[in-house]
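Shown next: final-v1.pdb, given as PDB, C-alpha atoms.
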ATOM      1  CA  MET D   5       0.000   0.000   0.000
ATOM      2  CA  LYS D   6       1.490   3.345  -1.073
ATOM      3  CA  ASN D   7       0.623   5.341   2.028
ATOM      4  CA  LEU D   8       3.935   6.786   3.261
ATOM      5  CA  LEU D   9       4.548  10.444   2.447
ATOM      6  CA  VAL D  10       8.113  11.054   3.595
ATOM      7  CA  PRO D  11       9.537  14.543   4.200
ATOM      8  CA  PHE D  12      13.197  13.461   4.619
ATOM      9  CA  TYR D  13      15.307  16.611   4.876
ATOM     10  CA  GLU D  14      18.861  15.294   5.073
ATOM     11  CA  TYR D  15      21.749  15.876   2.683
ATOM     12  CA  PRO D  16      22.193  12.682   0.617
ATOM     13  CA  ALA D  17      25.883  12.231   1.502
ATOM     14  CA  GLU D  18      25.127  12.430   5.228
ATOM     15  CA  ARG D  19      22.921   9.336   5.307
ATOM     16  CA  PRO D  20      23.311   7.329   2.105
ATOM     17  CA  ASP D  21      21.924   4.251   3.868
ATOM     18  CA  ALA D  22      18.676   6.090   4.502
ATOM     19  CA  ARG D  23      18.393   7.069   0.841
ATOM     20  CA  GLU D  24      18.895   3.428  -0.113
ATOM     21  CA  ALA D  25      16.143   2.460   2.308
ATOM     22  CA  LEU D  26      13.797   4.918   0.625
ATOM     23  CA  VAL D  27      14.513   3.491  -2.825
ATOM     24  CA  ARG D  28      13.983  -0.062  -1.566
ATOM     25  CA  ALA D  29      10.687   0.987   0.005
ATOM     26  CA  ALA D  30       9.317   2.363  -3.282
ATOM     27  CA  PRO D  31       6.207   0.107  -3.327
ATOM     28  CA  ARG D  32       5.128   1.611   0.014
ATOM     29  CA  LEU D  33       5.747   5.277  -0.772
ATOM     30  CA  TYR D  34       3.087   7.755  -1.802
ATOM     31  CA  GLY D  35       5.902  10.217  -2.334
ATOM     32  CA  VAL D  36       9.131  11.760  -1.026
ATOM     33  CA  VAL D  37       9.492  15.497  -0.423
ATOM     34  CA  LEU D  38      12.711  16.899  -1.903
ATOM     35  CA  ASN D  39      14.056  19.863   0.068
ATOM     36  CA  PRO D  40      17.648  20.837  -0.830
ATOM     37  CA  GLY D  41      17.613  24.207   0.952
ATOM     38  CA  SER D  42      14.264  25.160   2.512
ATOM     39  CA  GLY D  43      13.106  25.011  -1.086
ATOM     40  CA  SER D  44      14.979  24.338  -4.299
ATOM     41  CA  GLY D  45      18.174  26.101  -3.230
ATOM     42  CA  THR D  46      20.070  28.669  -5.275
ATOM     43  CA  ALA D  47      21.916  26.311  -7.627
ATOM     44  CA  PRO D  48      21.484  22.721  -8.827
ATOM     45  CA  ASP D  49      22.868  20.117  -6.431
ATOM     46  CA  PRO D  50      24.075  16.940  -8.183
ATOM     47  CA  ALA D  51      23.567  14.831  -5.052
ATOM     48  CA  PHE D  52      19.876  15.706  -4.841
ATOM     49  CA  ALA D  53      19.486  15.295  -8.599
ATOM     50  CA  ALA D  54      20.875  11.762  -8.341
ATOM     51  CA  VAL D  55      18.544  10.863  -5.480
ATOM     52  CA  SER D  56      15.554  12.242  -7.354
ATOM     53  CA  SER D  57      16.474  10.299 -10.467
ATOM     54  CA  ARG D  58      16.724   7.026  -8.548
ATOM     55  CA  LEU D  59      13.423   7.575  -6.760
ATOM     56  CA  ARG D  60      11.589   8.408  -9.968
ATOM     57  CA  ALA D  61      13.125   5.377 -11.699
ATOM     58  CA  ALA D  62      11.708   3.270  -8.869
ATOM     59  CA  GLY D  63       8.250   4.727  -9.456
ATOM     60  CA  VAL D  64       8.204   7.148  -6.517
ATOM     61  CA  ARG D  65       6.628  10.601  -6.751
ATOM     62  CA  VAL D  66       9.174  13.330  -6.063
ATOM     63  CA  LEU D  67       7.526  16.405  -4.566
ATOM     64  CA  GLY D  68       9.485  19.651  -4.667
ATOM     65  CA  TYR D  69       9.283  21.602  -1.411
ATOM     66  CA  ALA D  70       8.283  25.267  -1.418
ATOM     67  CA  GLY D  71       7.346  27.350   1.597
ATOM     68  CA  THR D  72       4.458  29.814   1.285
ATOM     69  CA  ASP D  73       4.665  31.584   4.684
ATOM     70  CA  TYR D  74       0.900  31.411   5.175
ATOM     71  CA  ALA D  75       0.156  33.360   1.974
ATOM     72  CA  ARG D  76       2.752  36.048   2.743
ATOM     73  CA  ARG D  77       5.460  34.763   0.400
ATOM     74  CA  PRO D  78       5.118  36.249  -3.107
ATOM     75  CA  HIS D  79       3.595  34.090  -5.793
ATOM     76  CA  ALA D  80       6.643  34.580  -8.042
ATOM     77  CA  ALA D  81       9.055  33.282  -5.379
ATOM     78  CA  VAL D  82       7.020  30.114  -4.813
ATOM     79  CA  LEU D  83       6.747  29.542  -8.546
ATOM     80  CA  GLN D  84      10.511  29.986  -8.955
ATOM     81  CA  ASP D  85      11.069  27.196  -6.421
ATOM     82  CA  LEU D  86       8.689  24.903  -8.305
ATOM     83  CA  LEU D  87      10.344  25.624 -11.658
ATOM     84  CA  ARG D  88      13.787  24.942 -10.214
ATOM     85  CA  HIS D  89      12.600  21.691  -8.660
ATOM     86  CA  ARG D  90      11.282  20.639 -12.055
ATOM     87  CA  ASP D  91      14.269  21.773 -14.108
ATOM     88  CA  TRP D  92      17.076  20.825 -11.721
ATOM     89  CA  TYR D  93      15.689  17.695 -10.076
ATOM     90  CA  GLY D  94      12.923  16.420 -12.338
ATOM     91  CA  ALA D  95      10.311  16.775  -9.599
ATOM     92  CA  ASP D  96       6.920  15.610 -10.820
ATOM     93  CA  GLY D  97       4.930  17.030  -7.913
ATOM     94  CA  ALA D  98       4.878  19.862  -5.394
ATOM     95  CA  PHE D  99       4.680  20.074  -1.616
ATOM     96  CA  LEU D 100       3.606  23.534  -0.482
ATOM     97  CA  ASP D 101       4.402  24.165   3.176
ATOM     98  CA  GLN D 102       3.102  26.688   5.719
ATOM     99  CA  VAL D 103      -0.220  26.906   3.902
ATOM    100  CA  ALA D 104      -2.948  29.101   5.349
ATOM    101  CA  SER D 105      -6.217  27.452   6.351
ATOM    102  CA  GLU D 106      -8.651  30.378   6.257
ATOM    103  CA  PRO D 107     -11.123  30.903   3.414
ATOM    104  CA  ASP D 108      -9.847  34.407   2.640
ATOM    105  CA  ALA D 109      -6.528  32.937   1.447
ATOM    106  CA  LEU D 110      -8.222  30.589  -1.028
ATOM    107  CA  PRO D 111      -7.754  32.877  -4.074
ATOM    108  CA  HIS D 112      -4.000  33.085  -3.403
ATOM    109  CA  TYR D 113      -3.653  29.311  -3.168
ATOM    110  CA  ARG D 114      -5.976  28.703  -6.088
ATOM    111  CA  ARG D 115      -3.604  30.778  -8.216
ATOM    112  CA  LEU D 116      -0.606  28.859  -6.858
ATOM    113  CA  ALA D 117      -2.310  25.529  -7.528
ATOM    114  CA  VAL D 118      -3.028  26.490 -11.136
ATOM    115  CA  ALA D 119       0.592  27.603 -11.577
ATOM    116  CA  ALA D 120       1.939  24.399 -10.004
ATOM    117  CA  ARG D 121      -0.122  22.241 -12.361
ATOM    118  CA  ALA D 122       0.936  24.378 -15.324
ATOM    119  CA  VAL D 123       4.635  23.763 -14.639
ATOM    120  CA  GLY D 124       4.184  20.007 -14.366
ATOM    121  CA  ALA D 125       3.117  19.155 -10.826
ATOM    122  CA  ALA D 126       1.022  16.059 -11.426
ATOM    123  CA  THR D 127       0.607  15.714  -7.652
ATOM    124  CA  LEU D 128       0.024  18.662  -5.337
ATOM    125  CA  VAL D 129       0.162  18.440  -1.537
ATOM    126  CA  LEU D 130      -0.761  21.370   0.718
ATOM    127  CA  ASN D 131       0.577  21.345   4.275
ATOM    128  CA  HIS D 132      -1.791  23.259   6.543
ATOM    129  CA  GLY D 133      -0.946  21.318   9.698
ATOM    130  CA  VAL D 134      -4.594  21.740  10.757
ATOM    131  CA  HIS D 135      -7.956  21.165   9.093
ATOM    132  CA  PRO D 136      -8.446  24.003   6.604
ATOM    133  CA  ASP D 137     -11.568  25.471   5.110
ATOM    134  CA  PRO D 138     -13.230  22.787   2.929
ATOM    135  CA  GLY D 139     -12.578  24.918  -0.159
ATOM    136  CA  TYR D 140      -8.945  23.770  -0.164
ATOM    137  CA  LEU D 141     -10.049  20.237  -1.040
ATOM    138  CA  GLY D 142     -10.639  21.383  -4.590
ATOM    139  CA  LEU D 143      -7.084  22.654  -5.017
ATOM    140  CA  ALA D 144      -4.856  19.694  -4.189
ATOM    141  CA  ASP D 145      -4.581  15.928  -4.231
ATOM    142  CA  VAL D 146      -3.678  15.679  -0.533
ATOM    143  CA  LEU D 147      -4.037  18.059   2.414
ATOM    144  CA  VAL D 148      -1.782  17.696   5.460
ATOM    145  CA  THR D 149      -4.223  18.266   8.313
ATOM    146  CA  PHE D 150      -1.876  17.429  11.191
ATOM    147  CA  GLU D 151       1.812  18.121  11.720
ATOM    148  CA  GLY D 152       3.099  17.866  15.251
ATOM    149  CA  ALA D 153       4.364  15.756  18.120
ATOM    150  CA  TRP D 154       3.051  12.298  18.969
ATOM    151  CA  ASP D 155       1.907  13.396  22.444
ATOM    152  CA  THR D 156      -0.415  15.954  20.879
ATOM    153  CA  TYR D 157      -1.618  13.516  18.234
ATOM    154  CA  ARG D 158      -2.260  10.771  20.790
ATOM    155  CA  ASP D 159      -3.991  12.927  23.379
ATOM    156  CA  ALA D 160      -6.111  15.070  21.068
ATOM    157  CA  PRO D 161      -7.017  13.057  17.972
ATOM    158  CA  GLU D 162      -8.319  15.304  15.254
ATOM    159  CA  ALA D 163     -11.892  15.192  14.109
ATOM    160  CA  PRO D 164     -12.498  14.515  10.425
ATOM    161  CA  PRO D 165     -13.714  17.419   8.324
ATOM    162  CA  ARG D 166     -17.455  17.798   7.999
ATOM    163  CA  THR D 167     -17.687  17.606   4.253
ATOM    164  CA  ALA D 168     -19.161  15.156   1.798
ATOM    165  CA  ALA D 169     -15.902  15.226  -0.142
ATOM    166  CA  HIS D 170     -14.058  13.593   2.768
ATOM    167  CA  THR D 171     -12.232  10.399   1.863
ATOM    168  CA  PRO D 172      -9.306   9.050   3.908
ATOM    169  CA  GLY D 173      -6.922   9.145   0.961
ATOM    170  CA  ARG D 174      -7.204  12.921   0.665
ATOM    171  CA  PHE D 175      -5.621  13.633   4.048
ATOM    172  CA  CYS D 176      -2.167  13.235   5.523
ATOM    173  CA  HIS D 177      -0.766  13.285   9.079
ATOM    174  CA  LEU D 178       2.908  14.039   9.788
ATOM    175  CA  VAL D 179       3.834  12.959  13.300
ATOM    176  CA  TYR D 180       7.217  13.354  14.975
ATOM    177  CA  ALA D 181       8.725  12.250  18.307
ATOM    178  CA  ALA D 182       6.682   9.088  17.817
ATOM    179  CA  PRO D 183       7.333   5.692  19.469
ATOM    180  CA  PRO D 184       7.908   2.594  17.304
ATOM    181  CA  ALA D 185       4.311   1.414  17.583
ATOM    182  CA  ALA D 186       2.839   4.775  16.598
ATOM    183  CA  ALA D 187       0.526   4.799  13.615
ATOM    184  CA  PHE D 188      -1.184   7.610  11.732
ATOM    185  CA  THR D 189      -4.893   7.402  11.021
ATOM    186  CA  ALA D 190      -5.098   9.329   7.740
ATOM    187  CA  GLY D 191      -4.859   7.786   4.292
ATOM    188  CA  THR D 192      -1.249   8.910   3.957
ATOM    189  CA  GLY D 193       1.316  10.073   6.453
ATOM    190  CA  CYS D 194       4.552   9.577   8.279
ATOM    191  CA  ALA D 195       5.504   8.842  11.915
ATOM    192  CA  VAL D 196       9.161   9.422  12.745
ATOM    193  CA  PRO D 197      11.259   9.100  15.927
ATOM    194  CA  GLY D 198      12.997  12.451  15.457
ATOM    195  CA  GLY D 199      11.998  15.479  17.505
ATOM    196  CA  LEU D 200      12.476  19.214  17.447
ATOM    197  CA  PRO D 201      14.310  21.196  16.185
ATOM    198  CA  HIS D 202      14.810  18.871  13.186
ATOM    199  CA  PRO D 203      12.187  16.091  13.214
ATOM    200  CA  TRP D 204      12.347  15.372   9.488
ATOM    201  CA  GLY D 205      15.943  14.197   9.563
ATOM    202  CA  ALA D 206      14.785  10.672  10.419
ATOM    203  CA  LEU D 207      13.102   7.964   8.413
ATOM    204  CA  PRO D 208       9.654   6.698   9.407
ATOM    205  CA  HIS D 209       9.773   3.897  11.957
ATOM    206  CA  ALA D 210       8.425   1.530   9.336
ATOM    207  CA  LEU D 211      11.487   2.122   7.132
ATOM    208  CA  GLU D 212      14.078   2.397   9.913
ATOM    209  CA  ALA D 213      13.116  -1.117  10.965
ATOM    210  CA  ALA D 214      13.607  -2.391   7.437
ATOM    211  CA  ARG D 215      17.165  -1.090   7.066
TER     212      ARG D 215
END
Could I get this structure in the form of structure tokens?
Amino acid sequence: MKNLLVPFYEYPAERPDAREALVRAAPRLYGVVLNPGSGSGTAPDPAFAAVSSRLRAAGVRVLGYAGTDYARRPHAAVLQDLLRHRDWYGADGAFLDQVASEPDALPHYRRLAVAARAVGAATLVLNHGVHPDPGYLGLADVLVTFEGAWDTYRDAPEAPPRTAAHTPGRFCHLVYAAPPAAAFTAGTGCAVPGGLPHPWGALPHALEAAR
């Protein structure tokens, strides 16, 4: 089942074993978020290009990371990140981070979604970290509706959105500081042992165990 969405933000040379584990886990991966430098970086990085090529050859979606600063980052800057991800790393999808959840930001993100599709993002993921206004469902393939620590996730499970469009596969939970037995309840997601300040420098428990 392809239900692991992995935001693994480590330089390839630092943990080559982890990159190999990701490639081997291809049948289980919904996608891997590529994040060379809090975005695409300022110049092509051959190490990230090689990783992206191997993942795509294994049939894994590669989602280029771009921050949006809750609708404050200019449209042109976000689009530049997406174009660089496509041109430098062959990314075939986009992962937009720090996405607003209020309805008044919908026009901004609708424009970004159209631009992302136009430059080749076959898969679009929006990371709100909370349940957004239902209007965002029409913009992306997957919405991240939880990002946070396991203690919060365990003690205050989120309620599903009250919308007829709700299907489990449309939502994603990203959980860090999680114990080995932790599991996410959305259609896609990731539960990692790492904690703050850099939780996404660890593989999901499910892949760490397979190394």
Counting all atoms listed in the file, which residues in stretch 17-112 of chain D sit no more than 12 Å from stretch 183-197 of chain D? For each one, give the nearest pair of atoms and the distance in Å, sorted by chain then residue number, as CSV.
residue,atom,partner,partner_atom,distance
D:Arg32,CA,D:Thr192,CA,10.5
D:Leu33,CA,D:Thr192,CA,9.2
D:Tyr34,CA,D:Thr192,CA,7.3
D:Gly35,CA,D:Thr192,CA,9.6
D:Val36,CA,D:Cys194,CA,10.6
D:Val37,CA,D:Cys194,CA,11.6
* **Distance criterion (only C-alpha atoms): nearest to D:Tyr15 out of D:Ala29, D:Val103, D:Val55, D:Leu211** => D:Val55
* Step by step, work through what the PyMOL selection byres ((chain D and resi 44) around 9) selects in the shown file, and finish by giving those residues as a PyMOL selection string. => chain D and resi 38-43+45-48+68-70+84-89+92-93
* Suppose you want the space between atom CA of D:Ala210 and atom CA of D:Gln102; what is it in Å? ->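 Distance reported for this atom pair: 26.0 Å.
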* Asked: What lies within 7 Å of D:Phe12 using only C-alpha atoms, ignoring chain neighbours under 6 positions off, as a PyMOL selection string?
  -> chain D and resi 37+204-207
* Distance criterion (only C-alpha atoms): nearest to D:Gly142 out of D:Phe99, D:Tyr13, D:Tyr113, D:Trp154 -> D:Tyr113
* **atom CA of D:Glu24 to atom CA of D:Arg65, straight-line distance in Å** => 15.7 Å
